[in-house]
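Please read the structure below before turning to the comments.
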Amino acid sequence: MADNRDTAVIIGAGPDLGSALARRFARAGMTVIAARRTPDKLAPLAKELGGRLRTAACDATDEQAVKELFAQAAGAGALRLVVYNVGAFVRKGVLDTEAEEFERCWRALCLGGFLVGREAARVMLAAGGERRHRGTIIFTGATASLRGGANFHNLAVGKFGLRAFSQSMAREFQPRGIHVAHAIIDGQIESGRAGRSVAERGADAVLSPDAIAESYYQLHLQPPSAWTLELDLRPYVEKF
């Protein structure tokens, strides 16, 4: 169980994985700050979790907005866990892709990860605390973090960059007590969208958001003598 002063921040708190993360961290006793560009969509989750959840408006590609979010987090308690879970994707061929589309996806997937990772590390280091484990920062990756596919360049470029950034962060900050991890979500996450439900695809054919959230929380609980840098998660029926 977490200390009741511990705070977790989720950037990209959508209805599927983001909400499952909020529920898991709140169940562990943490105060959760769930951030997204449209926080009004978090009203049902806020009602469900009550005082354990605070919502915030944040565009992860806006440097000032990210700084303000982490200033809020620093005032809410000891920042112990941060998850960057932002998604952006436009499926198109290279010849049909506009420069604005390409840049927008890169900014959301990669630049935002840099801004969030930097500010999270600043807050964790400034707070002091146990030097062996000051906190955990987790970046959500995808199959596209490892390989680019036709019509998937808008996703792959940003996810490749986010993976590289997480590796660099880990090597810089893990010796200073911040556990940095990258999670490759290799498959589709269960949701209400077409083709992503258990009823449509069968049991264990899509990743359970709750199961992913449990894995993220267990990453946070790892002792400093055995930290995971990269974790890949997929349904057992998924080809890889």
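By order of appearance in the structure tokens: chains A, B, ..., then residues from 1 within every chain, and ligands from 1 in the order shown.
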Could you list, as a PDB file with C-alpha atoms, in the first residue's frame, every residue within 10 Å of Lys159 (chain A), counting only C-alpha atoms and ignoring same-chain residues fewer than 4 positions away?
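Contents of part_20.pdb, as written:
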```pdb
ATOM      1  CA  GLY A  87      -1.606   8.632 -28.251  1.00  0.00           C
ATOM      2  CA  ALA A  88      -1.748  10.173 -31.743  1.00  0.00           C
ATOM      3  CA  CYS A 105       1.851  13.076 -34.258  1.00  0.00           C
ATOM      4  CA  TRP A 106       5.562  13.449 -33.460  1.00  0.00           C
ATOM      5  CA  ALA A 108       2.220  14.280 -29.160  1.00  0.00           C
ATOM      6  CA  LEU A 109       4.122  10.991 -29.066  1.00  0.00           C
ATOM      7  CA  CYS A 110       7.703  12.194 -28.582  1.00  0.00           C
ATOM      8  CA  GLY A 113       7.189  12.613 -23.549  1.00  0.00           C
ATOM      9  CA  PHE A 139       6.268   5.662 -20.973  1.00  0.00           C
ATOM     10  CA  THR A 140       3.640   3.744 -22.950  1.00  0.00           C
ATOM     11  CA  GLY A 141       4.980   2.375 -26.226  1.00  0.00           C
ATOM     12  CA  ALA A 142       3.516   0.197 -28.954  1.00  0.00           C
ATOM     13  CA  THR A 143       4.400  -2.381 -31.572  1.00  0.00           C
ATOM     14  CA  ALA A 144       5.446   0.625 -33.651  1.00  0.00           C
ATOM     15  CA  SER A 145       8.138   1.407 -31.067  1.00  0.00           C
ATOM     16  CA  LEU A 146      10.108  -1.504 -32.548  1.00  0.00           C
ATOM     17  CA  ARG A 147       9.271  -1.494 -36.242  1.00  0.00           C
ATOM     18  CA  GLY A 148       7.718   0.790 -38.791  1.00  0.00           C
ATOM     19  CA  HIS A 153       5.055   6.141 -40.161  1.00  0.00           C
ATOM     20  CA  ASN A 154       3.072   8.783 -38.254  1.00  0.00           C
ATOM     21  CA  LEU A 155       2.961   6.399 -35.298  1.00  0.00           C
ATOM     22  CA  ARG A 163      11.600   4.710 -26.743  1.00  0.00           C
ATOM     23  CA  ALA A 164      15.012   6.277 -27.383  1.00  0.00           C
ATOM     24  CA  PHE A 165      14.226   9.079 -24.954  1.00  0.00           C
ATOM     25  CA  ILE A 184       5.617  -1.938 -25.323  1.00  0.00           C
TER      26      ILE A 184
END
```
Those in region 72-163 of chain A with helix (DSSP H, G or I) from DSSP, as an MDAnalysis selection string: chainID A and resid 72:76 94:96 99:127 143:145 153:163
Counting only C-alpha atoms, which residues in region 89-143 of chain A sit no more than 12 Å from region 44-58 of chain A? For each one, give the nearest pair of atoms and the distance in Å, sorted by chain then residue number, as a Markdown table.
```
| residue | atom | partner | partner_atom | distance |
| --- | --- | --- | --- | --- |
| A:Ala108 | CA | A:Cys58 | CA | 11.8 |
| A:Gly112 | CA | A:Cys58 | CA | 10.6 |
| A:Leu115 | CA | A:Cys58 | CA | 11.8 |
| A:Val116 | CA | A:Cys58 | CA | 10.7 |
```
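Using only C-alpha atoms, the smallest distance between any of A:Ile138, A:Ala203, A:Ala43, A:Ala76 and Ile10 (chain A) comes from A:Ile138.
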Region 220-222 of chain A surroundings by only C-alpha atoms, 8 Å radius, close-in-sequence under 5 positions cut, as a list in words: Leu81, Gly135, Thr136, His179, Trp227 and Thr228 of chain A
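Across A:Ala199, A:Ala181, A:Ala13, A:Ala127, the tightest approach to Val86 (chain A) is made by A:Ala13 when counting only C-alpha atoms.
Each of A:Gly187, A:Gly128, A:Pro224, A:Gly177 was compared to Ala205 (chain A) using only C-alpha atoms, and A:Gly187 turns out to be the nearest.
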